[in-house]
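Here's the structure we're looking at; comments come further down.
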Number of protein chains: 2
Amino acid sequence: MLDSMAGIEGAILHRTTTAQQLADLLSERILAGAFTPGDRLRESAIATELGVARNTVREAVRVLELGGLVRYEVNRGAVVISPTTESLDAVYTARERLETAAAARPATAEQIARLETAYTNLATATRSHDTRHVVEVDLAFHATIVSFLESARLDLFYAELTRELRYYLMVLSVEDRELDKPRALLREHKAILDAVRTGPPETAVVAVRAHIHDNAKRVTEILIARTQTQPGPLAARP
Amino acid sequence: MLDSMAGIEGAILHRTTTAQQLADLLSERILAGAFTPGDRLRESAIATELGVARNTVREAVRVLELGGLVRYEVNRGAVVISPTTESLDAVYTARERLETAAAARPATAEQIARLETAYTNLATATRSHDTRHVVEVDLAFHATIVSFLESARLDLFYAELTRELRYYLMVLSVEDRELDKPRALLREHKAILDAVRTGPPETAVVAVRAHIHDNAKRVTEILIARTQTQPGPLAARP
DNA sequence: AGCACTTGAACTGTAGTACAGTTGAACGAA
DNA sequence: TTCGTTCAACTGTACTACAGTTCAAGTGCT
């Protein structure tokens with residue numbers, strides 16, 4: 001069963017179980033927008049659709065929970081997370097703390113080189129006009145900054161934050177508006193890169209903080225505007 | 001089923017399911033040393049012992065995985081984590097990054113007050129000669145430092161690190177050796193407290209970093225000594 | 001004795017069925 | 001409209017079953 005997704009199996013580290021494949025598939029679907037925030041993942045429906053047992057779906061969903069895209073509610077099962085001002089603030093705050101901490105460390109030549117590459121990718125991406133891709137590369141740039149902390153555990157944690165944020169951005173269609181000003185986007189990232197490259201760490205910290213605060217503010221405003229016009233699918237349950 | 005553990009249900013936020021209770025119970029047992037590193041959590045054994053279904057045990061173990069005390073291996077199930085030089089290094093590195101980042105921020109009066117309370121608790125605990133408790137309060141002191149970052153997400157992540165570390169310390173019987181020098185323990189923490197209280201952030205960062213590096217070195221040495229004398233239960237599988 | 005090979009018991013991963021309890025929405029009464 | 005009531009859908013849990021995997025004990029060969 002589920003052999004159709006044989007291509008997915010990424011790292012060969014773990015022989016991949018059905019539940020794991022299922023979790024990956026569902027993760028992709030959520031990130032692709034197949035579910036909207038607040039949606040419940042109905043176990044029987046998924047089970048019959050994909051030809052697996054409900055147990056297996058439950059396990060897959062538990063694995064999904066690790067990724068942060070769904071949370072469990074008793075007697076309601078797995079529910080897709082919803083962007084709220086609180087959840088956005090939580091993610092952006094954690095990002096700010098991690099990225100400024102990373103920017104505060106003097107960067108090695110190798111780290112700077114990696115950041116330059118990330119910036120080049122971003123510049124290339126903005127020319128492609130593929131907004132989804134731009135977001136991807138943008139987040140990769142910031143992950144590179146966090147990697148300066150040289151802590152695999154923190155990198156992993158940051159990746160979790162990023163998955164969550166990426167979903168919020170997708171749901172809020174933030175990408176569409178991002179396209180208007182690729183120049184501003186590049187300018188801000190260039191400022192960070194330059195500060196890391198030449199300036200004292202202080203400067204880099206300021207640049208990173210400003211960029212993240214800007215983003216947080218803009219995305220939060222989009223969310224607020226969205227919830228006022230169509231209070232339907234985005235509302236989180238009490 | 002499992003009504004015997006009715007007292008456990010902590011927060012009333014989530015009505016607690018059997019699987020959740022089970023996860024809590026198993027977590028306690030692991031932290032209490034009922035399993036040694038590398039042990040497998042045998043599903044049928046646990047199921048029959050506690051009078052629950054194997055599905056439920058599996059779910060509970062998936063929840064346990066969230067806490068970081070076990071990891072899954074295909075066709076071997078849940079395995080209790082083992083302290084290795086790598087895992088210790090990973091935990092201590094993440095701790096160092098987070099705590100120094102926190103110490104680098106100017107602390108508010110309220111934050112300083114909380115840290116003073118944590119220190120007082122530690123001083124009291126050292127007099128009790130209850131080594132397990134001393135470790136607990138020690139870790140709480142450091143969690144207080146991290147809380148200066150004012151990020152709930154990071155606090156949660158740090159709690160995860162702490163659970164893992166606490167288990168390692170228990171397994172390595174680090175507490176027993178800690179007892180010898182309560183004076184040194186208090187002195188180091190006092191230095192941190194004073195630095196946070198009066199000194200410039202720089203000083204606090206240095207104090208925190210030194211303390212964590214000391215700890216990491218000592219614990220790692222204990223691990224190495226342990227694995228050489230009794231290469232049995234502590235060895236992680238390839 | 002040492003080494004490769006086989007074998008079998010124990011266990012995991014998955015499927016499938018069943019049922020009590022909960023939720024949520026539709027329905028109907030006030 | 002608002003408040004109950006009802007009911008279908010769904011979750012949480014239990015139980016059974018079985019193929020595939022692991023691991024250690026045993027077996028045979030050198």
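By order of appearance in the structure tokens: chains A, B, ..., then residues from 1 within every chain, and ligands from 1 in the order shown.
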
Taking only residues of chain D that have an atom at most 9 Å from an atom of chain A, what is each one's shortest atom pair and its distance in Å to one decimal, using only C-alpha atoms (C1' of nucleotides), in chain and number order, as a tab-separated table?
```
residue	atom	partner	partner_atom	distance
D:DC10	C1'	A:Arg42	CA	7.7
D:DT11	C1'	A:Asn75	CA	5.0
D:DG12	C1'	A:Asn75	CA	7.3
```

Superposed chain A (ref. Chain B, all C-alpha pairs in order) as a CSV table (one decimal) with C-alpha atoms, in the first residue's frame:
```csv
chain,number,residue,atom,x,y,z
A,1,MET,CA,-8.5,1.3,33.3
A,2,LEU,CA,-5.5,3.1,34.7
A,3,ASP,CA,-7.7,4.8,37.2
A,4,SER,CA,-5.0,4.2,39.8
A,5,MET,CA,-3.1,7.1,38.4
A,6,ALA,CA,-6.0,9.6,38.8
A,7,GLY,CA,-3.8,11.8,40.9
A,8,ILE,CA,-1.4,12.6,38.1
A,9,GLU,CA,-3.6,14.7,35.9
A,10,GLY,CA,-1.8,18.0,36.2
A,11,ALA,CA,-3.4,20.9,34.3
A,12,ILE,CA,-7.1,20.6,33.7
A,13,LEU,CA,-6.6,22.2,30.4
A,14,HIS,CA,-6.9,19.0,28.4
A,15,ARG,CA,-9.2,16.4,29.7
A,16,THR,CA,-6.6,13.7,29.8
A,17,THR,CA,-6.8,10.6,27.7
A,18,THR,CA,-5.6,7.2,28.6
A,19,ALA,CA,-2.7,7.5,26.1
A,20,GLN,CA,-1.7,10.8,27.7
A,21,GLN,CA,-1.8,9.4,31.2
A,22,LEU,CA,0.2,6.4,30.0
A,23,ALA,CA,2.8,8.7,28.5
A,24,ASP,CA,3.1,10.7,31.7
A,25,LEU,CA,3.5,7.4,33.7
A,26,LEU,CA,6.1,6.1,31.4
A,27,SER,CA,7.9,9.4,31.4
A,28,GLU,CA,8.0,9.3,35.2
A,29,ARG,CA,9.3,5.7,35.2
A,30,ILE,CA,12.1,6.5,32.8
A,31,LEU,CA,13.1,9.6,34.8
A,32,ALA,CA,13.0,7.4,37.9
A,33,GLY,CA,15.4,5.0,36.3
A,34,ALA,CA,13.0,2.1,35.7
A,35,PHE,CA,14.6,1.8,32.3
A,36,THR,CA,18.2,2.1,31.5
A,37,PRO,CA,19.6,3.8,28.3
A,38,GLY,CA,19.1,1.7,25.2
A,39,ASP,CA,16.3,-0.2,26.7
A,40,ARG,CA,13.4,-0.9,24.4
A,41,LEU,CA,9.9,-0.2,25.6
A,42,ARG,CA,8.2,-3.4,24.9
A,43,GLU,CA,4.6,-2.7,23.8
A,44,SER,CA,2.9,-5.9,24.7
A,45,ALA,CA,4.6,-6.2,28.1
A,46,ILE,CA,3.5,-2.6,29.0
A,47,ALA,CA,0.1,-3.2,27.6
A,48,THR,CA,-0.6,-6.3,29.6
A,49,GLU,CA,1.0,-5.0,32.7
A,50,LEU,CA,-1.1,-1.8,32.7
A,51,GLY,CA,-4.2,-3.4,31.3
A,52,VAL,CA,-4.4,-1.3,28.1
A,53,ALA,CA,-4.4,-2.1,24.5
A,54,ARG,CA,-1.2,-2.2,22.5
A,55,ASN,CA,-2.5,0.6,20.2
A,56,THR,CA,-2.8,2.8,23.2
A,57,VAL,CA,0.7,2.0,24.3
A,58,ARG,CA,2.0,2.9,20.9
A,59,GLU,CA,0.2,6.2,21.0
A,60,ALA,CA,1.6,6.9,24.4
A,61,VAL,CA,5.1,6.2,23.2
A,62,ARG,CA,4.6,8.5,20.3
A,63,VAL,CA,3.7,11.2,22.8
A,64,LEU,CA,6.7,10.3,24.8
A,65,GLU,CA,8.8,10.9,21.7
A,66,LEU,CA,7.7,14.5,21.9
A,67,GLY,CA,9.4,14.8,25.3
A,68,GLY,CA,12.7,13.6,23.9
A,69,LEU,CA,13.2,10.7,26.3
A,70,VAL,CA,12.8,8.0,23.7
A,71,ARG,CA,13.5,7.8,20.0
A,72,TYR,CA,12.0,5.5,17.4
A,73,GLU,CA,14.0,2.9,15.5
A,74,VAL,CA,12.3,1.0,12.7
A,75,ASN,CA,11.4,-2.5,13.7
A,76,ARG,CA,12.8,-2.0,17.2
A,77,GLY,CA,10.2,0.4,18.5
A,78,ALA,CA,10.8,3.0,21.2
A,79,VAL,CA,14.3,3.0,22.6
A,80,VAL,CA,15.3,5.0,25.7
A,81,ILE,CA,18.0,7.6,24.8
A,82,SER,CA,21.6,7.0,25.8
A,83,PRO,CA,24.1,9.6,27.0
A,84,THR,CA,27.0,9.8,24.5
A,85,THR,CA,29.7,12.4,24.3
A,86,GLU,CA,27.8,13.7,21.2
A,87,SER,CA,24.4,13.9,22.8
A,88,LEU,CA,25.9,15.6,25.9
A,89,ASP,CA,27.7,18.0,23.7
A,90,ALA,CA,24.6,18.8,21.7
A,91,VAL,CA,22.6,19.5,24.8
A,92,TYR,CA,25.2,21.6,26.5
A,93,THR,CA,26.0,23.6,23.3
A,94,ALA,CA,22.3,24.5,22.9
A,95,ARG,CA,22.1,25.4,26.5
A,96,GLU,CA,25.2,27.6,26.2
A,97,ARG,CA,23.8,29.5,23.2
A,98,LEU,CA,20.4,30.1,24.8
A,99,GLU,CA,21.7,31.0,28.3
A,100,THR,CA,24.4,33.3,27.1
A,101,ALA,CA,22.0,35.0,24.8
A,102,ALA,CA,19.6,35.5,27.7
A,103,ALA,CA,22.4,36.8,30.0
A,104,ALA,CA,23.4,39.2,27.3
A,105,ARG,CA,20.1,41.1,27.7
A,106,PRO,CA,19.9,43.7,30.4
A,107,ALA,CA,17.7,42.2,33.1
A,108,THR,CA,14.6,43.9,34.5
A,109,ALA,CA,14.1,44.2,38.2
A,110,GLU,CA,11.4,41.6,38.1
A,111,GLN,CA,13.7,39.2,36.3
A,112,ILE,CA,16.5,39.8,38.8
A,113,ALA,CA,14.0,39.1,41.6
A,114,ARG,CA,13.0,35.8,40.1
A,115,LEU,CA,16.7,34.8,39.8
A,116,GLU,CA,17.3,35.7,43.4
A,117,THR,CA,14.5,33.5,44.4
A,118,ALA,CA,15.9,30.7,42.3
A,119,TYR,CA,19.2,31.2,44.0
A,120,THR,CA,17.7,31.1,47.4
A,121,ASN,CA,16.0,27.9,46.6
A,122,LEU,CA,19.3,26.4,45.5
A,123,ALA,CA,21.0,27.5,48.7
A,124,THR,CA,18.2,25.9,50.7
A,125,ALA,CA,18.3,22.7,48.6
A,126,THR,CA,22.1,22.2,49.1
A,127,ARG,CA,21.5,22.2,52.9
A,128,SER,CA,18.8,19.4,52.5
A,129,HIS,CA,21.4,17.0,51.2
A,130,ASP,CA,18.8,15.6,48.8
A,131,THR,CA,21.0,15.4,45.7
A,132,ARG,CA,18.2,14.7,43.3
A,133,HIS,CA,16.4,17.8,44.5
A,134,VAL,CA,19.5,19.9,44.2
A,135,VAL,CA,19.8,19.0,40.5
A,136,GLU,CA,16.1,19.9,40.1
A,137,VAL,CA,16.6,23.4,41.6
A,138,ASP,CA,19.8,23.9,39.8
A,139,LEU,CA,18.1,23.4,36.4
A,140,ALA,CA,15.3,25.6,37.5
A,141,PHE,CA,17.8,28.4,38.1
A,142,HIS,CA,19.1,28.1,34.6
A,143,ALA,CA,15.5,27.9,33.2
A,144,THR,CA,15.0,31.2,34.9
A,145,ILE,CA,17.9,32.7,33.0
A,146,VAL,CA,16.5,31.5,29.7
A,147,SER,CA,13.1,33.0,30.6
A,148,PHE,CA,14.8,36.4,30.4
A,149,LEU,CA,14.5,35.9,26.6
A,150,GLU,CA,10.8,36.3,27.1
A,151,SER,CA,10.0,33.7,24.5
A,152,ALA,CA,7.5,31.0,25.5
A,153,ARG,CA,8.6,28.9,22.6
A,154,LEU,CA,12.2,29.0,23.6
A,155,ASP,CA,11.2,28.2,27.2
A,156,LEU,CA,9.5,25.1,26.0
A,157,PHE,CA,12.5,24.1,23.9
A,158,TYR,CA,14.7,24.6,26.9
A,159,ALA,CA,12.5,22.5,29.0
A,160,GLU,CA,12.9,19.7,26.5
A,161,LEU,CA,16.7,20.0,26.7
A,162,THR,CA,16.4,20.0,30.5
A,163,ARG,CA,14.4,16.8,30.6
A,164,GLU,CA,16.9,15.0,28.5
A,165,LEU,CA,19.9,16.3,30.5
A,166,ARG,CA,18.2,15.5,33.8
A,167,TYR,CA,17.9,11.9,32.6
A,168,TYR,CA,21.6,11.8,31.6
A,169,LEU,CA,22.6,13.2,35.0
A,170,MET,CA,20.5,10.6,36.8
A,171,VAL,CA,21.9,7.8,34.8
A,172,LEU,CA,25.4,8.9,35.3
A,173,SER,CA,24.8,9.4,39.0
A,174,VAL,CA,26.2,12.8,38.7
A,175,GLU,CA,24.2,13.9,41.7
A,176,ASP,CA,26.2,11.8,44.0
A,177,ARG,CA,29.4,13.6,43.1
A,178,GLU,CA,27.7,16.9,43.1
A,179,LEU,CA,27.2,16.6,46.9
A,180,ASP,CA,30.9,16.9,47.6
A,181,LYS,CA,31.1,20.5,46.7
A,182,PRO,CA,27.9,22.4,47.4
A,183,ARG,CA,30.1,25.3,48.2
A,184,ALA,CA,31.6,25.4,44.7
A,185,LEU,CA,28.1,25.0,43.3
A,186,LEU,CA,26.7,27.9,45.2
A,187,ARG,CA,29.7,30.0,44.5
A,188,GLU,CA,29.3,29.6,40.7
A,189,HIS,CA,25.6,30.4,40.8
A,190,LYS,CA,26.2,33.3,43.1
A,191,ALA,CA,28.7,34.6,40.6
A,192,ILE,CA,26.1,34.4,37.9
A,193,LEU,CA,23.5,36.1,40.0
A,194,ASP,CA,25.8,38.9,41.0
A,195,ALA,CA,26.9,39.4,37.4
A,196,VAL,CA,23.3,39.6,36.3
A,197,ARG,CA,22.3,41.9,39.2
A,198,THR,CA,25.1,44.4,39.1
A,199,GLY,CA,27.6,43.8,36.4
A,200,PRO,CA,27.4,44.7,32.7
A,201,PRO,CA,25.8,42.0,30.6
A,202,GLU,CA,29.3,41.0,29.3
A,203,THR,CA,30.2,39.8,32.8
A,204,ALA,CA,27.0,37.8,33.1
A,205,VAL,CA,27.7,36.1,29.8
A,206,VAL,CA,31.2,35.2,30.8
A,207,ALA,CA,30.0,33.7,34.1
A,208,VAL,CA,27.2,31.7,32.5
A,209,ARG,CA,29.5,30.4,29.8
A,210,ALA,CA,32.2,29.4,32.2
A,211,HIS,CA,29.7,27.6,34.4
A,212,ILE,CA,28.2,25.6,31.5
A,213,HIS,CA,31.5,24.7,30.1
A,214,ASP,CA,32.7,23.5,33.5
A,215,ASN,CA,29.6,21.3,33.8
A,216,ALA,CA,29.8,20.0,30.3
A,217,LYS,CA,33.4,19.0,30.9
A,218,ARG,CA,32.8,17.3,34.2
A,219,VAL,CA,29.8,15.4,33.1
A,220,THR,CA,31.5,14.3,29.9
A,221,GLU,CA,34.4,13.0,31.9
A,222,ILE,CA,32.1,11.0,34.1
A,223,LEU,CA,30.5,9.5,31.0
A,224,ILE,CA,33.9,8.5,29.6
A,225,ALA,CA,35.0,7.0,32.8
A,226,ARG,CA,31.8,5.1,33.1
A,227,THR,CA,31.8,3.7,29.6
A,228,GLN,CA,35.4,2.5,30.1
A,229,THR,CA,34.7,0.6,33.3
A,230,GLN,CA,31.3,-0.9,32.4
A,231,PRO,CA,30.7,-0.8,28.6
A,232,GLY,CA,27.3,-2.4,29.1
A,233,PRO,CA,24.1,-0.5,29.4
A,234,LEU,CA,25.4,3.0,28.4
A,235,ALA,CA,26.6,2.2,24.9
A,236,ALA,CA,24.4,3.7,22.2
A,237,ARG,CA,23.7,1.5,19.2
A,238,PRO,CA,25.1,2.3,15.8
```

Could you write out, as a PyMOL selection string, all the residues of range 93-161 of chain B that DSSP marks as helix (DSSP H, G or I)?
chain B and resi 93-103+109-128+131-147+152-161

Contact residues (chain C, partner chain A, 12 Å, only C-alpha atoms (C1' of nucleotides)) as a PyMOL selection string:
chain C and resi 12-17+21-24

For C1' of DA10 in chain C and C1' of DC29 in chain D, quote the distance in Å rounded to one decimal.
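Value for the C1' of DA10 in chain C-C1' of DC29 in chain D distance: 28.6 Å.
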
For C1' of DT1 in chain D and C1' of DA30 in chain C, quote the distance in Å rounded to one decimal.
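If I compute the distance from C1' of DT1 in chain D to C1' of DA30 in chain C, I get 10.5 Å.
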
Quick one: residues within 10 Å of DG28 in chain C, only C-alpha atoms (C1' of nucleotides), excluding same-chain residues fewer than 2 positions away - as a PyMOL selection string?
(chain C and resi 26+30) or (chain D and resi 4-6)

Residue selection dump (N, CA and C atoms (P, O5', C5', C4', C3', O3' and C1' of nucleotides)) as a PDB file, in the first residue's frame:
```pdb
ATOM      1  P    DA C  26     -26.205  22.201   9.798  1.00  0.00           P
ATOM      2  O5'  DA C  26     -27.500  21.345   9.456  1.00  0.00           O
ATOM      3  C5'  DA C  26     -27.435  19.926   9.540  1.00  0.00           C
ATOM      4  C4'  DA C  26     -28.697  19.407  10.213  1.00  0.00           C
ATOM      5  C3'  DA C  26     -29.956  20.215   9.868  1.00  0.00           C
ATOM      6  O3'  DA C  26     -31.005  19.309   9.549  1.00  0.00           O
ATOM      7  C1'  DA C  26     -29.709  20.073  12.220  1.00  0.00           C
ATOM      8  P    DA C  30     -43.217  23.868  23.425  1.00  0.00           P
ATOM      9  O5'  DA C  30     -42.502  25.201  23.910  1.00  0.00           O
ATOM     10  C5'  DA C  30     -41.391  25.121  24.810  1.00  0.00           C
ATOM     11  C4'  DA C  30     -40.709  26.478  24.923  1.00  0.00           C
ATOM     12  C3'  DA C  30     -41.640  27.627  25.326  1.00  0.00           C
ATOM     13  O3'  DA C  30     -40.972  28.440  26.282  1.00  0.00           O
ATOM     14  C1'  DA C  30     -40.550  28.163  23.324  1.00  0.00           C
TER      15       DA C  30
ATOM     16  P    DG D   4     -31.738  26.069  28.155  1.00  0.00           P
ATOM     17  O5'  DG D   4     -32.203  24.587  27.913  1.00  0.00           O
ATOM     18  C5'  DG D   4     -32.060  24.034  26.635  1.00  0.00           C
ATOM     19  C4'  DG D   4     -33.179  23.052  26.366  1.00  0.00           C
ATOM     20  C3'  DG D   4     -32.756  21.592  26.488  1.00  0.00           C
ATOM     21  O3'  DG D   4     -33.882  20.777  26.770  1.00  0.00           O
ATOM     22  C1'  DG D   4     -32.992  22.205  24.201  1.00  0.00           C
ATOM     23  P    DT D   5     -33.710  19.232  27.065  1.00  0.00           P
ATOM     24  O5'  DT D   5     -33.784  18.566  25.624  1.00  0.00           O
ATOM     25  C5'  DT D   5     -34.903  18.854  24.780  1.00  0.00           C
ATOM     26  C4'  DT D   5     -34.826  18.005  23.514  1.00  0.00           C
ATOM     27  C3'  DT D   5     -34.153  16.643  23.712  1.00  0.00           C
ATOM     28  O3'  DT D   5     -34.977  15.648  23.114  1.00  0.00           O
ATOM     29  C1'  DT D   5     -33.119  17.826  21.936  1.00  0.00           C
ATOM     30  P    DT D   6     -34.561  14.097  23.092  1.00  0.00           P
ATOM     31  O5'  DT D   6     -33.970  13.958  21.626  1.00  0.00           O
ATOM     32  C5'  DT D   6     -34.602  14.665  20.542  1.00  0.00           C
ATOM     33  C4'  DT D   6     -33.926  14.271  19.242  1.00  0.00           C
ATOM     34  C3'  DT D   6     -33.294  12.883  19.237  1.00  0.00           C
ATOM     35  O3'  DT D   6     -33.508  12.283  17.963  1.00  0.00           O
ATOM     36  C1'  DT D   6     -31.632  14.487  18.793  1.00  0.00           C
TER      37       DT D   6
END
```
